[in-house]
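**Student:** input.cif is reproduced in full below (mmCIF, C-alpha atoms).
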```
data_coords
loop_
_atom_site.label_atom_id
_atom_site.label_comp_id
_atom_site.auth_asym_id
_atom_site.auth_seq_id
_atom_site.Cartn_x
_atom_site.Cartn_y
_atom_site.Cartn_z
CA MET A 1 109.16 71.15 159.19
CA GLY A 2 112.53 71.73 157.53
CA THR A 3 113.76 74.80 155.66
CA TYR A 4 116.17 75.74 152.88
CA ILE A 5 118.42 78.75 152.52
CA ALA A 6 118.98 80.31 149.09
CA ILE A 7 121.76 82.83 148.44
CA ASP A 8 122.19 85.06 145.39
CA VAL A 9 125.59 86.76 145.21
CA GLY A 10 126.08 89.67 142.83
CA GLY A 11 128.77 92.22 142.24
CA THR A 12 126.82 94.89 144.12
CA ARG A 13 124.62 93.01 146.58
CA ILE A 14 124.05 89.72 148.38
CA ARG A 15 120.55 88.39 148.98
CA ALA A 16 119.65 85.46 151.19
CA ALA A 17 116.27 83.94 151.99
CA VAL A 18 114.80 81.16 154.10
CA TYR A 19 112.17 79.04 152.38
CA PRO A 20 109.86 76.38 153.81
CA GLU A 21 110.19 72.75 152.81
CA LYS A 22 107.43 73.32 150.24
CA GLY A 23 106.29 76.49 148.53
CA MET A 24 108.03 79.51 147.02
CA GLU A 25 107.22 82.29 149.50
CA PRO A 26 110.23 83.13 151.69
CA LEU A 27 109.89 83.04 155.44
CA ARG A 28 112.66 85.63 155.82
CA MET A 29 114.81 87.57 153.38
CA GLU A 30 117.76 89.93 153.82
CA ARG A 31 120.00 91.85 151.43
CA ILE A 32 123.28 93.65 152.02
CA PRO A 33 125.91 95.27 149.77
CA THR A 34 128.57 92.85 148.55
CA GLN A 35 131.34 95.26 149.49
CA GLY A 36 131.59 96.77 152.94
CA GLU A 37 132.97 95.91 156.33
CA GLY A 38 134.61 92.48 156.06
CA THR A 39 135.26 90.41 152.96
CA PRO A 40 132.41 89.36 150.63
CA VAL A 41 132.64 85.81 152.02
CA GLU A 42 132.35 87.12 155.57
CA ARG A 43 129.37 89.21 154.49
CA ILE A 44 127.66 86.12 153.02
CA ILE A 45 128.14 84.32 156.32
CA GLU A 46 126.84 87.41 158.15
CA VAL A 47 123.61 87.68 156.17
CA VAL A 48 122.92 83.93 156.35
CA SER A 49 123.51 83.95 160.11
CA ARG A 50 121.12 86.87 160.40
CA ILE A 51 118.24 84.91 158.83
CA TRP A 52 119.09 81.48 160.27
CA PRO A 53 115.75 79.86 161.27
CA ASP A 54 114.81 77.92 164.37
CA GLU A 55 113.63 75.04 162.17
CA PRO A 56 116.20 72.54 160.80
CA VAL A 57 118.00 73.67 157.64
CA LEU A 58 117.97 70.85 155.11
CA GLY A 59 120.32 72.51 152.64
CA ILE A 60 121.95 75.70 151.43
CA ALA A 61 122.28 76.68 147.77
CA ALA A 62 124.22 79.67 146.47
CA ALA A 63 124.19 81.36 143.07
CA ALA A 64 127.36 83.25 142.13
CA PRO A 65 128.58 85.09 139.03
CA GLY A 66 131.32 84.08 136.67
CA PRO A 67 132.80 80.77 135.58
CA LEU A 68 132.58 78.18 138.33
CA ASP A 69 132.55 74.43 138.84
CA PRO A 70 129.28 73.32 140.49
CA HIS A 71 130.63 69.77 140.86
CA ALA A 72 133.60 70.90 143.00
CA GLY A 73 131.91 74.01 144.43
CA ILE A 74 134.72 76.31 143.29
CA ILE A 75 134.42 79.78 141.74
CA PHE A 76 137.21 80.12 139.18
CA GLU A 77 136.83 83.87 138.82
CA ALA A 78 134.03 86.27 139.72
CA PRO A 79 133.64 89.50 137.76
CA ASN A 80 133.31 92.59 139.97
CA ILE A 81 134.38 90.72 143.14
CA PRO A 82 138.15 91.21 143.54
CA GLY A 83 140.06 88.29 144.99
CA TRP A 84 137.53 85.62 144.12
CA THR A 85 139.87 83.35 142.19
CA ASN A 86 139.63 79.57 142.70
CA LEU A 87 137.43 80.23 145.73
CA PRO A 88 136.00 77.04 147.36
CA LEU A 89 132.81 78.78 148.45
CA GLN A 90 130.80 75.58 148.84
CA LYS A 91 133.29 74.09 151.30
CA ILE A 92 133.59 77.37 153.19
CA LEU A 93 129.83 77.50 153.76
CA GLU A 94 129.57 73.80 154.60
CA ASP A 95 132.42 74.05 157.12
CA HIS A 96 130.85 77.09 158.77
CA PHE A 97 127.18 76.05 158.89
CA HIS A 98 127.57 72.23 158.87
CA VAL A 99 124.75 71.88 156.35
CA PRO A 100 124.87 70.28 152.86
CA THR A 101 125.60 73.07 150.37
CA MET A 102 125.67 73.44 146.60
CA LEU A 103 126.95 76.17 144.31
CA GLY A 104 125.68 77.21 140.87
CA ASN A 105 126.26 79.87 138.23
CA ASP A 106 123.82 82.75 138.73
CA ALA A 107 122.46 82.68 135.16
CA ASN A 108 121.97 78.91 135.34
CA MET A 109 120.11 79.29 138.63
CA ALA A 110 117.89 81.99 137.12
CA ALA A 111 117.14 79.64 134.23
CA ILE A 112 116.11 76.96 136.73
CA GLY A 113 113.92 79.48 138.54
CA GLU A 114 112.10 80.60 135.39
CA TRP A 115 111.71 76.98 134.29
CA HIS A 116 110.11 75.80 137.53
CA TYR A 117 108.25 78.91 138.69
CA GLY A 118 108.16 81.49 135.89
CA ALA A 119 107.79 81.87 132.15
CA GLY A 120 109.25 78.42 131.40
CA VAL A 121 106.70 76.33 133.30
CA GLY A 122 105.55 73.45 131.09
CA HIS A 123 108.53 73.62 128.73
CA HIS A 124 111.13 70.87 128.46
CA ASN A 125 113.66 72.66 126.24
CA LEU A 126 114.34 76.32 126.93
CA VAL A 127 117.03 78.99 126.63
CA TYR A 128 117.22 81.76 129.21
CA LEU A 129 119.14 85.01 128.69
CA THR A 130 119.61 87.88 131.10
CA ILE A 131 120.41 91.10 129.24
CA SER A 132 121.52 93.96 131.43
CA THR A 133 125.01 95.33 132.15
CA GLY A 134 126.30 92.07 130.69
CA ILE A 135 124.67 89.01 129.17
CA GLY A 136 124.45 85.59 130.78
CA GLY A 137 122.37 82.54 130.10
CA GLY A 138 121.31 79.02 130.88
CA VAL A 139 119.91 76.13 128.85
CA ILE A 140 117.47 73.38 129.82
CA MET A 141 117.40 70.41 127.43
CA ASP A 142 115.09 67.44 127.91
CA ASP A 143 114.40 68.63 131.47
CA HIS A 144 118.10 68.82 132.37
CA LEU A 145 120.28 71.86 133.02
CA LEU A 146 123.33 71.84 130.76
CA VAL A 147 126.50 72.46 132.77
CA GLY A 148 129.30 70.66 130.89
CA GLU A 149 132.38 68.81 132.09
CA HIS A 150 133.63 71.55 134.43
CA GLY A 151 130.37 73.45 134.82
CA LEU A 152 131.38 76.02 132.20
CA ALA A 153 128.72 75.36 129.56
CA THR A 154 126.24 77.91 128.13
CA GLU A 155 128.18 81.16 128.59
CA LEU A 156 125.73 82.55 126.06
CA GLY A 157 126.91 86.15 126.33
CA HIS A 158 130.41 85.20 125.26
CA VAL A 159 129.73 83.68 121.87
CA THR A 160 131.49 85.53 119.07
CA ILE A 161 129.04 87.37 116.81
CA ASP A 162 131.50 89.68 115.02
CA PRO A 163 135.22 88.82 115.29
CA ASN A 164 136.06 92.39 114.31
CA GLY A 165 133.52 93.88 116.68
CA PRO A 166 133.99 95.96 119.83
CA MET A 167 135.95 94.73 122.82
CA CYS A 168 133.98 92.72 125.36
CA SER A 169 134.37 93.15 129.12
CA CYS A 170 136.20 89.81 129.15
CA GLY A 171 138.94 91.20 126.87
CA HIS A 172 137.91 89.55 123.58
CA ARG A 173 136.29 91.09 120.54
CA GLY A 174 132.80 90.80 119.18
CA HIS A 175 131.04 88.79 121.86
CA LEU A 176 127.28 89.14 122.14
CA GLU A 177 127.73 91.00 125.43
CA ALA A 178 129.78 93.66 123.61
CA LEU A 179 127.02 94.16 121.03
CA SER A 180 123.59 93.74 122.66
CA SER A 181 123.93 94.37 126.41
CA GLY A 182 122.74 97.57 128.05
CA THR A 183 126.37 98.62 128.32
CA ALA A 184 126.88 98.01 124.58
CA ILE A 185 123.77 100.01 123.64
CA ALA A 186 124.91 102.92 125.81
CA LYS A 187 128.46 102.79 124.45
CA TYR A 188 127.29 102.82 120.83
CA ALA A 189 125.00 105.82 121.41
CA ALA A 190 127.74 107.74 123.23
CA GLU A 191 130.20 107.08 120.39
CA GLN A 192 127.73 108.32 117.80
CA LEU A 193 126.93 111.43 119.83
CA ALA A 194 130.66 112.15 120.12
CA LEU A 195 130.85 112.04 116.31
CA GLY A 196 128.31 114.83 116.17
CA ARG A 197 125.10 112.89 115.43
CA THR A 198 121.96 114.88 116.11
CA SER A 199 119.66 113.51 118.78
CA LEU A 200 117.01 114.36 121.33
CA MET A 201 119.42 113.00 123.94
CA THR A 202 121.30 115.75 125.76
CA ASN A 203 123.40 113.50 127.98
CA PRO A 204 126.68 112.76 126.11
CA ALA A 205 126.85 109.40 127.92
CA PRO A 206 123.22 108.24 128.04
CA THR A 207 122.12 105.13 129.89
CA ALA A 208 120.26 102.32 128.15
CA LEU A 209 117.06 103.52 129.88
CA GLU A 210 117.56 107.07 128.59
CA ILE A 211 118.15 105.69 125.10
CA ALA A 212 114.96 103.62 125.32
CA ASN A 213 112.96 106.69 126.37
CA ALA A 214 114.44 108.69 123.48
CA ALA A 215 113.64 105.87 121.05
CA ARG A 216 110.01 105.85 122.17
CA ALA A 217 109.95 109.58 121.45
CA GLY A 218 111.09 108.89 117.89
CA ASP A 219 114.80 109.72 118.21
CA LEU A 220 116.51 108.18 115.17
CA LEU A 221 119.87 107.53 116.85
CA ALA A 222 118.21 105.85 119.83
CA LEU A 223 116.11 103.69 117.50
CA GLU A 224 119.24 102.79 115.57
CA ALA A 225 121.04 101.76 118.76
CA PHE A 226 118.24 99.36 119.73
CA ASN A 227 117.80 98.09 116.17
CA ARG A 228 121.52 97.30 116.04
CA ALA A 229 121.38 95.44 119.37
CA GLY A 230 118.30 93.50 118.21
CA GLU A 231 119.95 92.48 114.95
CA TYR A 232 123.00 91.09 116.74
CA LEU A 233 120.79 89.39 119.34
CA ALA A 234 118.88 87.75 116.47
CA ILE A 235 122.12 86.23 115.17
CA ALA A 236 122.84 84.78 118.60
CA LEU A 237 119.33 83.43 119.17
CA LEU A 238 119.30 81.80 115.75
CA ASN A 239 122.57 80.07 116.61
CA TYR A 240 121.05 78.87 119.88
CA ALA A 241 117.88 77.76 118.05
CA HIS A 242 119.91 75.79 115.51
CA ILE A 243 121.97 74.14 118.27
CA PHE A 244 119.40 73.55 121.03
CA ASN A 245 116.01 73.66 119.22
CA PRO A 246 114.15 75.09 122.27
CA THR A 247 110.43 75.74 122.49
CA ILE A 248 110.95 79.02 124.36
CA PHE A 249 113.48 81.83 124.68
CA ILE A 250 113.11 83.71 127.97
CA LEU A 251 114.75 87.14 128.08
CA GLY A 252 115.36 88.73 131.47
CA GLY A 253 117.31 91.75 132.64
CA GLY A 254 116.65 95.44 132.26
CA VAL A 255 117.17 95.65 128.50
CA SER A 256 114.42 93.08 127.86
CA SER A 257 111.91 95.51 129.39
CA SER A 258 112.41 97.82 126.37
CA GLY A 259 109.78 95.68 124.64
CA PRO A 260 109.21 96.25 120.90
CA LEU A 261 112.37 98.36 120.63
CA LEU A 262 114.36 95.16 121.02
CA PHE A 263 111.84 92.47 120.11
CA GLU A 264 110.76 93.83 116.72
CA PRO A 265 114.24 93.81 115.09
CA LEU A 266 114.96 90.54 116.88
CA ARG A 267 111.93 88.74 115.44
CA ARG A 268 112.32 90.32 112.00
CA ASN A 269 115.91 89.21 111.58
CA MET A 270 115.34 85.74 113.00
CA ALA A 271 112.54 85.13 110.49
CA ARG A 272 114.76 86.35 107.65
CA ASP A 273 117.85 84.26 108.45
CA VAL A 274 116.57 81.02 110.00
CA TYR A 275 117.88 77.79 108.46
CA SER A 276 114.40 76.24 108.35
CA PRO A 277 111.03 77.72 109.36
CA LYS A 278 110.54 74.60 111.50
CA TYR A 279 112.91 76.11 114.10
CA LEU A 280 110.49 78.99 114.61
CA GLU A 281 107.31 76.92 114.52
CA ASP A 282 105.52 77.35 117.87
CA LEU A 283 108.68 79.00 119.27
CA VAL A 284 107.89 81.39 122.14
CA ILE A 285 110.07 84.45 122.65
CA THR A 286 109.06 86.21 125.84
CA THR A 287 110.25 88.16 128.84
CA ALA A 288 111.07 86.63 132.21
CA LEU A 289 108.41 86.71 134.94
CA LEU A 290 110.38 86.43 138.18
CA GLY A 291 112.67 89.46 138.00
CA ASP A 292 115.33 89.51 140.72
CA ASP A 293 113.78 86.46 142.41
CA ALA A 294 114.69 84.07 139.57
CA GLY A 295 118.14 83.32 140.97
CA LEU A 296 116.90 82.75 144.51
CA LEU A 297 114.09 80.46 143.36
CA GLY A 298 116.48 78.54 141.12
CA THR A 299 118.88 77.94 144.00
CA LEU A 300 115.92 76.92 146.16
CA GLU A 301 114.93 74.30 143.60
CA MET A 302 118.51 72.99 143.44
CA ALA A 303 118.69 72.80 147.24
CA ARG A 304 115.50 70.74 147.30
CA LEU A 305 116.85 68.48 144.56
CA MET A 306 120.11 68.06 146.49
CA ASN A 307 118.20 67.00 149.60
CA LEU A 308 116.04 64.59 147.58
CA GLU A 309 119.12 62.96 146.08
CA ARG A 310 120.63 62.54 149.55
CA GLN A 311 117.45 60.78 150.72
CA LEU A 312 117.60 58.39 147.76
CA ILE A 313 121.19 57.36 148.47
CA PRO A 314 121.18 54.58 151.11
CA ASP A 315 123.47 54.90 154.11
CA ASP A 316 126.49 52.62 154.24
#
```
Could you render the structure as structure tokens?
**Tutor:**
Amino acid sequence: MGTYIAIDVGGTRIRAAVYPEKGMEPLRMERIPTQGEGTPVERIIEVVSRIWPDEPVLGIAAAAPGPLDPHAGIIFEAPNIPGWTNLPLQKILEDHFHVPTMLGNDANMAAIGEWHYGAGVGHHNLVYLTISTGIGGGVIMDDHLLVGEHGLATELGHVTIDPNGPMCSCGHRGHLEALSSGTAIAKYAAEQLALGRTSLMTNPAPTALEIANAARAGDLLALEAFNRAGEYLAIALLNYAHIFNPTIFILGGGVSSSGPLLFEPLRRNMARDVYSPKYLEDLVITTALLGDDAGLLGTLEMARLMNLERQLIPDD
């Protein structure tokens, strides 16, 4: 019986798991902080070595943040991981473990995970968004993950919604991430509080969770902050609907758990501004099911696919 190793690298933690040849329950799983003793790459190698199974490893797949090239296995730049510029992570892991390895964008891998094992099961055209500190996404069209020429496709959080809007974390104005992420919701509320707006919130720099709790208690500023985020998110999702025509939008990340606070203005504005009602006919807008496991399960699926493709290619 062979095994696969899935790795999910984030700005704050690294998770790695061993999975059997079939099934989605891990045999072993470990997590460690991304920063600590040794470099992040050394820490990836450490956590994988810690869980290395006795059974043969058929493949390793890693999900990583930021723009990267899955064809070449190179991370162009990773937010929140200093020094990760043009990093050949795939080759580093292959050279160390001597096992076929693939690399994918973390949001794309989460989209794969939700498609195969979560809310997207049974759909052939879907858009996945993770809405938390930032916003990332992935798109499945006709049962294929869209990656583009250099693997840079579907950076859904970095579409321009308002060219005169607030500055995004990437240094450009008015991206969706700067308007509808948890960070954007918190920033807007803090700015309004600093202007003297009355509110139930006593923290001058409330978190998105604190704002959600205040909104549920009827706080007008908190409700306004979520309504604003939902309106901008509706603009983005309508653009994605008009371009990709999916049957389902899957929203993951902490902000999506705010429920009607986000979904009600989202649905209301989409219905108002859609090009044709046909785009919304039978369209599902729902929350993700897999939580933090989406990325790991997506990389698992890609590792299995990589091994299958190797078996189909005849030896010279």
**Student:** Could you give me, as a list in words, the residues that have an atom at most 9 Å away from the point (126.2, 93.4, 132.8) in the coordinates of the file, using all atoms listed in the file?
**Tutor:**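 Residues with an atom at most 9 Å from (126.2, 93.4, 132.8): Thr130, Ile131, Ser132, Thr133, Gly134, Ile135, Gly136, Ser169, Glu177, Ser181, Gly182 and Thr183 of chain A.
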**Student:** In terms of the shortest atom-to-atom distance over only C-alpha atoms, which of A:Ile44, A:Leu300, A:Ala63, A:Ala229 is closest to Pro20 of chain A?
**Tutor:** A:Leu300
**Student:** Please provide as a PyMOL selection string all residues within 8 Å of Gly11 of chain A, with the sequence filter that same-chain residues fewer than 4 positions apart are discarded (counting all atoms listed in the file).
**Tutor:** chain A and resi 34+65+79-81
**Student:** Work out how far apart atom CA of Ile5 of chain A and atom CA of Gly104 of chain A are and give it in Å to one decimal.
**Tutor:**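 So the answer is 13.8 Å.
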**Student:** Could you please determine the separation between atom CA of Glu210 of chain A and atom CA of Cys168 of chain A in Å, to one decimal place?
**Tutor:** 22.0 Å
**Student:** Mind telling me what the PyMOL selection byres ((chain A and resi 211) around 9) catches here, as a ChimeraX atom specification?
**Tutor:** /A:185-186,189,201,206-210,212-216,219,221-223,225-226
**Student:** Please identify all polymer residues within 7 Å of Ala62 of chain A, counting all atoms listed in the file, omitting same-chain residues fewer than 5 positions from it, and present them as number ranges by chain.
**Tutor:** A: 6-8, 102-104, 299
**Student:** Output C-alpha atoms of each residue in that selection to a file, as a compact mmCIF listing (two decimals), keeping the file's coordinate frame.
**Tutor:**
```txt
# COMPACT_ATOMS: atom_id res chain seq x y z
CA ALA A 6 118.98 80.31 149.09
CA ILE A 7 121.76 82.83 148.44
CA ASP A 8 122.19 85.06 145.39
CA MET A 102 125.67 73.44 146.60
CA LEU A 103 126.95 76.17 144.31
CA GLY A 104 125.68 77.21 140.87
CA THR A 299 118.88 77.94 144.00
```
**Student:** Using all atoms listed in the file, which protein or nucleic acid residues come within 7 Å of Pro163 of chain A? Drop anything in the same chain fewer than 3 positions from it, and give the result as a PDB file with C-alpha atoms, keeping the file's coordinate frame.
**Tutor:**
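Listing of result-v4.pdb after writing:
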```
ATOM      1  CA  THR A 160     131.490  85.530 119.070  1.00  0.00           C
ATOM      2  CA  ARG A 173     136.290  91.090 120.540  1.00  0.00           C
ATOM      3  CA  GLY A 174     132.800  90.800 119.180  1.00  0.00           C
TER       4      GLY A 174
END
```
